[in-house]
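For reference, the structure is listed below as structure tokens.
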Amino acid sequence: MSNELRDKALKYLWMQNRDWSQMAEIGDPPVFVKGEGIRVTDTEGNTYIDVNAGYNSVNVGYGRSEIAEEIYKQMLEVNYFPEGSTTKPTIELAKKLSDLTPGDLSRVFPVSGGSEANETALKIARAYHVKNGDINRNKIISRRGSYHGTTAGVLWLGGGPPVASRDDFEPMYPNMLHAPQPNSYRCEFNSLNNSECAIKSANAIEDLIKFHGPNTIAAVIAEPIAIPQGAIVPGDEYWPMLREICDKYGVLLIADEVICGFGRTGKMFAIEHWGITPDIMTVAKGIISSYLPLAATIVSKKVADKFADENNYFKHTLTNSGHPVSAAAALKNIEILENENIIDNSAKMGKYLKEQLEVLKTDHQIIGDVRGIGLLVAFEIVSDRKTKSLFSSDLSIPDRLTEKFFKHGLIFRVSNEILNIGPPLSITRSEIDEIVHAIDLSLWELEGELGLPVND
Ligand SMILES: Cc1ncc(COP(=O)(O)O)c(C=O)c1O
């Protein structure tokens with residue numbers, strides 16, 4: 001059965017970020033038929049640990065039957081809704097998100113995925129300024145080394161190595177401006193200190209606003225902790241400075257919590273690490289632990305109120321906005337996160353994972369840096385710790401690591417030298433030990449093949 005399925009996949013399915021010729025050569029794609037906790041089982045009965053919880057998204061873990069039951073129940077009650085109306089779970093979810101999010105974030109526009117949530121946020125930001133009579137405020141500032149999605153508009157936010165190439169999709173959308181990432185391991189300002197890099201990176205955003213003219217800037221969008229450059233936790237100065245700068249120039253601040261939200265960093269939302277409230281927050285992934293598609297754009301009262309009357313309503317229609325079945329599943333998912341102390345577990349297990357990776361760093365010279373917070377942790381592979389230089393691309397380090405991890409029981413796809421780890425937040429200490437052990441073995445093998453000296 002598995003070969004038959006694989007052949008069909010190779011012939012008919014267009015999988016994201018994979019090409020069917022290479023997959024055919026190496027006997028891919030794996031096809032999974034079961035998931036439980038942090039593990040998935042393929043058609044041949046082999047079980048693996050899913051190190052990155054799908055796409056850092058299966059926060060409560062695989063196989064929670066309570067969520068499946070909620071989905072079934074809602075499908076039987078009312079599976080959709082007539083035009084211009086809504087349903088009970090969608091209303092309850094909006095209220096719940098309003099309660100959970102900080103400050104006056106209180107109005108919820110449900111969508112289907114993180115890219116859509118960010119597209120929605122950009123449209124709200126631009127429309128807000130138009131309604132204020134600020135018709136030239138349409139430029140959006142994001143940071144290099146960020147990722148905000150793949151659809152036509154948000155594709156042009158963030159970017160730069162090692163984010164997926166955009167070469168095939170030029171030209172860039174107009175009015176997208178890019179600022180530095182507060183990444184102190186590779187700071188654009190050569191600052192080694194996290195605070196200094198954070199302050200200089202925040203000042204660079206102010207400089208961009210001043211250079212282009214405040215009355216041309218609609219919004220700054222940023223992930224509280226960005227992952228394309230590997231779980232970048234900015235210095236504590238950064239987010240309060242962004243809030244202050246945006247307030248000073250009348251620019252809206254959008255926090256993209258698509259990955260960080262719903263416990264990933266050890267708090268419900270990562271922005272809580274710095275106690276500020278953005279004007280708009282986008283969420284996805286962990287809101288529903290990927291049991292169904294769902295995301296949301298959550299907007300402050302100040303911004304949403306501009307859209308309150310008949311002449312000013314937000315002109316934005318998506319067939320799946322407010323889907324009741326997704327809403328019911330999300331409510332159950334959030335209940336599980338809250339009732340089982342899963343967010344607390346994320347903070348504790350994340351700390352333990354980081355400590356264990358630090359131990360690996362003492363054994364493996366090729367680990368240049370370990371960083372992150374909660375269960376959003378990363379380590380970086382370098383050929384030389386002092387210069388932080390990378391191995392030659394001819395050595396195909398990412399592909400070789402992916403292969404070795406698989407051999408040692410991990411689904412852990414590596415696309416460059418930055419390895420992000422974001423497992424289900426329900427993970428236990430012994431499961432972390434299993435992951436770290438498999439990484440350890442894989443690194444020893446790689447170092448042996450590369451003829452690198454071994455630490456005693
Ligand atoms: C921070 C961030 N924003 C937006 C997105 C896009 O979300 P989606 O893939 O659901 O469209 C992602 C996806 O990984 C993300 O990590």
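How things are named: the first chain in the structure tokens is A, the next is B, and so on; residues count from 1 in each chain; ligands count from 1 in the order shown.
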### Task
Find the residues near ligand 1. Use a cut-off of 6 Å, count only C-alpha atoms and all ligand atoms, and write them as a PyMOL selection string.
chain A and resi 113-115+147-149+223+256+258-259
For N, CA and C atoms, I'd like the residues from the last selection saved as a CSV table (one decimal), in the first residue's frame.
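Result file follows (again-v6.csv):
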chain,number,residue,atom,x,y,z
A,113,GLY,N,-5.0,31.2,7.8
A,113,GLY,CA,-3.6,30.8,8.0
A,113,GLY,C,-2.8,32.1,8.3
A,114,GLY,N,-1.6,31.9,8.7
A,114,GLY,CA,-0.7,33.0,9.1
A,114,GLY,C,-0.5,34.1,8.0
A,115,SER,N,-0.3,33.6,6.8
A,115,SER,CA,-0.1,34.6,5.7
A,115,SER,C,-1.3,35.5,5.5
A,147,TYR,N,10.1,36.3,8.7
A,147,TYR,CA,9.2,35.6,7.8
A,147,TYR,C,7.8,35.9,8.2
A,148,HIS,N,7.0,36.4,7.2
A,148,HIS,CA,5.6,36.7,7.6
A,148,HIS,C,4.6,36.0,6.7
A,149,GLY,N,5.1,35.1,5.8
A,149,GLY,CA,4.2,34.4,5.0
A,149,GLY,C,4.6,34.3,3.5
A,223,GLU,N,8.1,39.8,14.2
A,223,GLU,CA,7.8,38.7,15.1
A,223,GLU,C,8.5,39.0,16.4
A,256,ASP,N,3.7,39.9,14.9
A,256,ASP,CA,3.3,38.6,14.3
A,256,ASP,C,3.6,37.5,15.3
A,258,VAL,N,2.4,34.4,14.9
A,258,VAL,CA,2.0,33.2,14.3
A,258,VAL,C,2.7,32.0,14.8
A,259,ILE,N,4.0,32.1,15.0
A,259,ILE,CA,4.7,31.0,15.6
A,259,ILE,C,4.8,31.1,17.1
### Test item: residues at most 12 Å from Val414 (chain A), only C-alpha atoms, excluding those fewer than 6 positions along its chain, as a PyMOL selection string
chain A and resi 51-52+162+228+230+378-381+396-406+420-421
## Note on the structure
In Å and to one decimal, CA of Ala121 (chain A) is distant from CA of Glu257 (chain A) by 12.1 Å
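In the backbone-derived DSSP annotation, strand (DSSP E or B) within region 48-180 of chain A comprises Tyr48, Ile49, Asp50, Tyr62, Leu105, Ser106, Arg107, Val108, Phe109, Pro110, Val111, Lys139, Ile140, Ile141, Ser142, Arg143, Met176, Leu177, His178 and Ala179 of chain A.
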Save out the residues we just selected, N, CA and C atoms, as a PDB file, in the first residue's frame.
ATOM      1  N   TYR A  48       8.510   7.898  14.357  1.00  0.00           N
ATOM      2  CA  TYR A  48       9.546   8.928  14.465  1.00  0.00           C
ATOM      3  C   TYR A  48       9.084  10.014  15.422  1.00  0.00           C
ATOM      4  N   ILE A  49      10.055  10.766  15.953  1.00  0.00           N
ATOM      5  CA  ILE A  49       9.705  11.967  16.719  1.00  0.00           C
ATOM      6  C   ILE A  49       9.612  13.125  15.737  1.00  0.00           C
ATOM      7  N   ASP A  50       8.509  13.867  15.789  1.00  0.00           N
ATOM      8  CA  ASP A  50       8.357  15.048  14.933  1.00  0.00           C
ATOM      9  C   ASP A  50       8.942  16.239  15.684  1.00  0.00           C
ATOM     10  N   TYR A  62       0.042  15.499  18.921  1.00  0.00           N
ATOM     11  CA  TYR A  62      -0.838  14.758  18.002  1.00  0.00           C
ATOM     12  C   TYR A  62      -1.855  13.915  18.782  1.00  0.00           C
ATOM     13  N   LEU A 105      -6.304  44.959  22.882  1.00  0.00           N
ATOM     14  CA  LEU A 105      -6.506  44.083  21.715  1.00  0.00           C
ATOM     15  C   LEU A 105      -7.817  43.350  21.956  1.00  0.00           C
ATOM     16  N   SER A 106      -8.795  43.590  21.128  1.00  0.00           N
ATOM     17  CA  SER A 106     -10.122  43.104  21.502  1.00  0.00           C
ATOM     18  C   SER A 106     -11.026  42.753  20.330  1.00  0.00           C
ATOM     19  N   ARG A 107     -10.640  43.113  19.126  1.00  0.00           N
ATOM     20  CA  ARG A 107     -11.537  42.775  18.012  1.00  0.00           C
ATOM     21  C   ARG A 107     -10.828  41.786  17.090  1.00  0.00           C
ATOM     22  N   VAL A 108     -11.541  40.690  16.792  1.00  0.00           N
ATOM     23  CA  VAL A 108     -10.898  39.531  16.178  1.00  0.00           C
ATOM     24  C   VAL A 108     -11.437  39.289  14.767  1.00  0.00           C
ATOM     25  N   PHE A 109     -10.549  39.301  13.782  1.00  0.00           N
ATOM     26  CA  PHE A 109     -10.935  38.935  12.413  1.00  0.00           C
ATOM     27  C   PHE A 109     -10.362  37.547  12.134  1.00  0.00           C
ATOM     28  N   PRO A 110     -11.231  36.502  12.112  1.00  0.00           N
ATOM     29  CA  PRO A 110     -10.702  35.143  11.903  1.00  0.00           C
ATOM     30  C   PRO A 110     -10.372  34.897  10.428  1.00  0.00           C
ATOM     31  N   VAL A 111      -9.284  34.187  10.186  1.00  0.00           N
ATOM     32  CA  VAL A 111      -8.886  33.810   8.827  1.00  0.00           C
ATOM     33  C   VAL A 111      -8.387  32.355   8.862  1.00  0.00           C
ATOM     34  N   LYS A 139       3.584  52.752   3.467  1.00  0.00           N
ATOM     35  CA  LYS A 139       4.812  51.935   3.501  1.00  0.00           C
ATOM     36  C   LYS A 139       4.815  51.054   4.760  1.00  0.00           C
ATOM     37  N   ILE A 140       5.351  49.868   4.581  1.00  0.00           N
ATOM     38  CA  ILE A 140       5.401  48.918   5.700  1.00  0.00           C
ATOM     39  C   ILE A 140       6.864  48.587   5.997  1.00  0.00           C
ATOM     40  N   ILE A 141       7.244  48.715   7.251  1.00  0.00           N
ATOM     41  CA  ILE A 141       8.611  48.349   7.656  1.00  0.00           C
ATOM     42  C   ILE A 141       8.578  46.957   8.288  1.00  0.00           C
ATOM     43  N   SER A 142       9.451  46.067   7.752  1.00  0.00           N
ATOM     44  CA  SER A 142       9.670  44.767   8.399  1.00  0.00           C
ATOM     45  C   SER A 142      11.179  44.610   8.559  1.00  0.00           C
ATOM     46  N   ARG A 143      11.608  43.460   9.077  1.00  0.00           N
ATOM     47  CA  ARG A 143      13.046  43.294   9.315  1.00  0.00           C
ATOM     48  C   ARG A 143      13.638  42.217   8.406  1.00  0.00           C
ATOM     49  N   MET A 176       7.668  48.378   0.475  1.00  0.00           N
ATOM     50  CA  MET A 176       8.121  47.457   1.519  1.00  0.00           C
ATOM     51  C   MET A 176       9.531  47.890   1.928  1.00  0.00           C
ATOM     52  N   LEU A 177       9.725  48.256   3.178  1.00  0.00           N
ATOM     53  CA  LEU A 177      11.038  48.717   3.659  1.00  0.00           C
ATOM     54  C   LEU A 177      11.584  47.698   4.658  1.00  0.00           C
ATOM     55  N   HIS A 178      12.899  47.536   4.651  1.00  0.00           N
ATOM     56  CA  HIS A 178      13.492  46.490   5.486  1.00  0.00           C
ATOM     57  C   HIS A 178      14.539  47.045   6.445  1.00  0.00           C
ATOM     58  N   ALA A 179      14.392  46.655   7.689  1.00  0.00           N
ATOM     59  CA  ALA A 179      15.277  47.123   8.764  1.00  0.00           C
ATOM     60  C   ALA A 179      16.115  45.932   9.259  1.00  0.00           C
TER      61      ALA A 179
END
### Task
Determine which residues of region 75-287 of chain A receive a DSSP assignment of helix (DSSP H, G or I), computed from the backbone, and state them as a ChimeraX atom specification.
/A:75-77,88-100,114-131,154-156,167-169,184-186,194-212,214-216,238-249,270-273,285-287
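With CA of Ile245 (chain A) on one side and CA of Glu206 (chain A) on the other, the separation reads 6.3 Å.
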### Task
Go through A:Ile38, A:Met281, A:Ile254, A:Val325 and flag the residue nearest Gly63 (chain A), using only C-alpha atoms for the distances.
A:Ile38
Per-residue nearest contacts region 301-391 of chain A to region 428-434 of chain A, cut-off 12 Å, using only C-alpha atoms, as CSV:
residue,atom,partner,partner_atom,distance
A:Ile342,CA,A:Thr428,CA,10.7
A:Asn345,CA,A:Thr428,CA,8.3
A:Ser346,CA,A:Thr428,CA,9.6
A:Ala347,CA,A:Thr428,CA,11.9
A:Lys348,CA,A:Arg429,CA,9.4
A:Met349,CA,A:Arg429,CA,6.6
A:Gly350,CA,A:Ile432,CA,9.3
A:Lys351,CA,A:Arg429,CA,10.6
A:Tyr352,CA,A:Arg429,CA,7.6
A:Leu353,CA,A:Ile432,CA,6.4
A:Lys354,CA,A:Ile432,CA,10.1
A:Glu355,CA,A:Ile432,CA,10.9
A:Gln356,CA,A:Asp433,CA,8.0
A:Leu357,CA,A:Asp433,CA,10.2
A:Val359,CA,A:Asp433,CA,11.8
A:Leu360,CA,A:Asp433,CA,11.6
A:Leu375,CA,A:Ile432,CA,10.7
Let me see the file: selected residues, N, CA and C atoms, as a PDB file, in the first residue's frame.
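And here is the file that came out, result14.pdb:
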ATOM      1  N   ILE A 342       0.220  23.476  29.959  1.00  0.00           N
ATOM      2  CA  ILE A 342       1.150  23.171  28.865  1.00  0.00           C
ATOM      3  C   ILE A 342       2.100  24.347  28.612  1.00  0.00           C
ATOM      4  N   ASN A 345       4.795  24.116  31.025  1.00  0.00           N
ATOM      5  CA  ASN A 345       5.677  23.027  30.590  1.00  0.00           C
ATOM      6  C   ASN A 345       6.620  23.505  29.483  1.00  0.00           C
ATOM      7  N   SER A 346       6.091  24.351  28.596  1.00  0.00           N
ATOM      8  CA  SER A 346       6.915  24.882  27.507  1.00  0.00           C
ATOM      9  C   SER A 346       8.092  25.689  28.074  1.00  0.00           C
ATOM     10  N   ALA A 347       7.804  26.503  29.089  1.00  0.00           N
ATOM     11  CA  ALA A 347       8.881  27.310  29.706  1.00  0.00           C
ATOM     12  C   ALA A 347       9.927  26.391  30.347  1.00  0.00           C
ATOM     13  N   LYS A 348       9.458  25.406  31.096  1.00  0.00           N
ATOM     14  CA  LYS A 348      10.386  24.529  31.835  1.00  0.00           C
ATOM     15  C   LYS A 348      11.171  23.613  30.890  1.00  0.00           C
ATOM     16  N   MET A 349      10.433  22.975  29.970  1.00  0.00           N
ATOM     17  CA  MET A 349      11.112  22.043  29.061  1.00  0.00           C
ATOM     18  C   MET A 349      12.035  22.792  28.087  1.00  0.00           C
ATOM     19  N   GLY A 350      11.637  24.025  27.736  1.00  0.00           N
ATOM     20  CA  GLY A 350      12.488  24.833  26.858  1.00  0.00           C
ATOM     21  C   GLY A 350      13.819  25.136  27.527  1.00  0.00           C
ATOM     22  N   LYS A 351      13.751  25.443  28.826  1.00  0.00           N
ATOM     23  CA  LYS A 351      14.968  25.739  29.583  1.00  0.00           C
ATOM     24  C   LYS A 351      15.862  24.487  29.611  1.00  0.00           C
ATOM     25  N   TYR A 352      15.210  23.342  29.849  1.00  0.00           N
ATOM     26  CA  TYR A 352      15.963  22.085  29.913  1.00  0.00           C
ATOM     27  C   TYR A 352      16.599  21.763  28.550  1.00  0.00           C
ATOM     28  N   LEU A 353      15.811  21.940  27.477  1.00  0.00           N
ATOM     29  CA  LEU A 353      16.334  21.665  26.132  1.00  0.00           C
ATOM     30  C   LEU A 353      17.556  22.535  25.842  1.00  0.00           C
ATOM     31  N   LYS A 354      17.448  23.801  26.207  1.00  0.00           N
ATOM     32  CA  LYS A 354      18.575  24.728  25.939  1.00  0.00           C
ATOM     33  C   LYS A 354      19.818  24.301  26.722  1.00  0.00           C
ATOM     34  N   GLU A 355      19.595  23.904  27.978  1.00  0.00           N
ATOM     35  CA  GLU A 355      20.741  23.440  28.797  1.00  0.00           C
ATOM     36  C   GLU A 355      21.401  22.229  28.150  1.00  0.00           C
ATOM     37  N   GLN A 356      20.573  21.311  27.663  1.00  0.00           N
ATOM     38  CA  GLN A 356      21.126  20.095  27.047  1.00  0.00           C
ATOM     39  C   GLN A 356      21.884  20.423  25.754  1.00  0.00           C
ATOM     40  N   LEU A 357      21.376  21.394  25.011  1.00  0.00           N
ATOM     41  CA  LEU A 357      22.079  21.791  23.782  1.00  0.00           C
ATOM     42  C   LEU A 357      23.391  22.491  24.120  1.00  0.00           C
ATOM     43  N   VAL A 359      25.209  21.674  26.593  1.00  0.00           N
ATOM     44  CA  VAL A 359      26.130  20.558  26.877  1.00  0.00           C
ATOM     45  C   VAL A 359      26.683  20.015  25.555  1.00  0.00           C
ATOM     46  N   LEU A 360      25.799  19.852  24.562  1.00  0.00           N
ATOM     47  CA  LEU A 360      26.277  19.374  23.248  1.00  0.00           C
ATOM     48  C   LEU A 360      27.312  20.333  22.665  1.00  0.00           C
ATOM     49  N   LEU A 375       9.946  26.751  24.098  1.00  0.00           N
ATOM     50  CA  LEU A 375      10.245  25.685  23.135  1.00  0.00           C
ATOM     51  C   LEU A 375      10.406  26.235  21.717  1.00  0.00           C
TER      52      LEU A 375
END
### Task
Skip Gly37 (chain A) itself and residues of its chain fewer than 4 positions away, then list as a list in words all residues within 9 Å of it, counting only C-alpha atoms.
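Answer for this query is Val60, Gly61, Tyr62, Gly63, Arg64, Pro424, Ser426 and Ile427 of chain A.
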With C-alpha atoms kept, could you save the residues just selected as a PDB file, in the first residue's frame?
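In the end it all went to out.pdb:
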ATOM      1  CA  VAL A  60      -0.817  20.263  22.245  1.00  0.00           C
ATOM      2  CA  GLY A  61       0.669  17.258  20.423  1.00  0.00           C
ATOM      3  CA  TYR A  62      -0.838  14.758  18.002  1.00  0.00           C
ATOM      4  CA  GLY A  63      -3.895  12.599  18.577  1.00  0.00           C
ATOM      5  CA  ARG A  64      -6.032  14.583  21.043  1.00  0.00           C
ATOM      6  CA  PRO A 424       4.909  19.917  20.801  1.00  0.00           C
ATOM      7  CA  SER A 426       3.485  18.768  25.865  1.00  0.00           C
ATOM      8  CA  ILE A 427       6.951  17.181  25.498  1.00  0.00           C
TER       9      ILE A 427
END
### Task
Provide the CA of Pro293 (chain A) to CA of Asp42 (chain A) distance in Å, to one decimal place.
22.6 Å
#### Entry: Surrounding residues of Asn320 (chain A) excluding itself and chain neighbours under 3 positions, 12 Å, only C-alpha atoms, as JSON, numbers by chain
{"A": [79, 80, 81, 82, 83, 86, 90, 109, 110, 111, 112, 113, 116, 292, 293, 294, 295, 296, 316, 317, 323, 324, 325, 326, 327]}
Same residues, C-alpha atoms, output as a short mmCIF file (atom, residue, chain, number, x, y, z; two decimals), in the first residue's frame:
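Okay, this is what ended up in result_39.cif:
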data_model
loop_
_atom_site.label_atom_id
_atom_site.label_comp_id
_atom_site.auth_asym_id
_atom_site.auth_seq_id
_atom_site.Cartn_x
_atom_site.Cartn_y
_atom_site.Cartn_z
CA ASN A 79 -21.08 23.08 9.64
CA TYR A 80 -21.16 26.58 8.12
CA PHE A 81 -23.33 29.69 8.10
CA PRO A 82 -25.38 31.86 5.74
CA GLU A 83 -23.93 35.08 4.33
CA THR A 86 -22.11 33.98 12.31
CA THR A 90 -16.90 31.83 16.40
CA PHE A 109 -10.94 38.93 12.41
CA PRO A 110 -10.70 35.14 11.90
CA VAL A 111 -8.89 33.81 8.83
CA SER A 112 -7.39 30.50 7.68
CA GLY A 113 -3.61 30.84 7.99
CA GLU A 116 -3.77 35.59 5.45
CA LEU A 292 -7.70 22.39 11.20
CA PRO A 293 -6.76 25.60 9.37
CA LEU A 294 -7.35 28.72 11.49
CA ALA A 295 -5.65 32.03 12.20
CA ALA A 296 -6.74 35.48 13.33
CA HIS A 316 -12.35 42.27 3.14
CA THR A 317 -14.08 38.95 2.37
CA HIS A 323 -15.57 28.92 10.13
CA PRO A 324 -17.49 27.41 13.07
CA VAL A 325 -15.78 24.01 12.99
CA SER A 326 -12.32 25.54 13.26
CA ALA A 327 -13.55 27.86 16.00
#
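Of the residues under consideration (A:Ala222, A:Val154, A:Val303, A:Leu76), A:Val303 shows the shortest atom-to-atom contact distance to Ala127 (chain A) when counting only C-alpha atoms.
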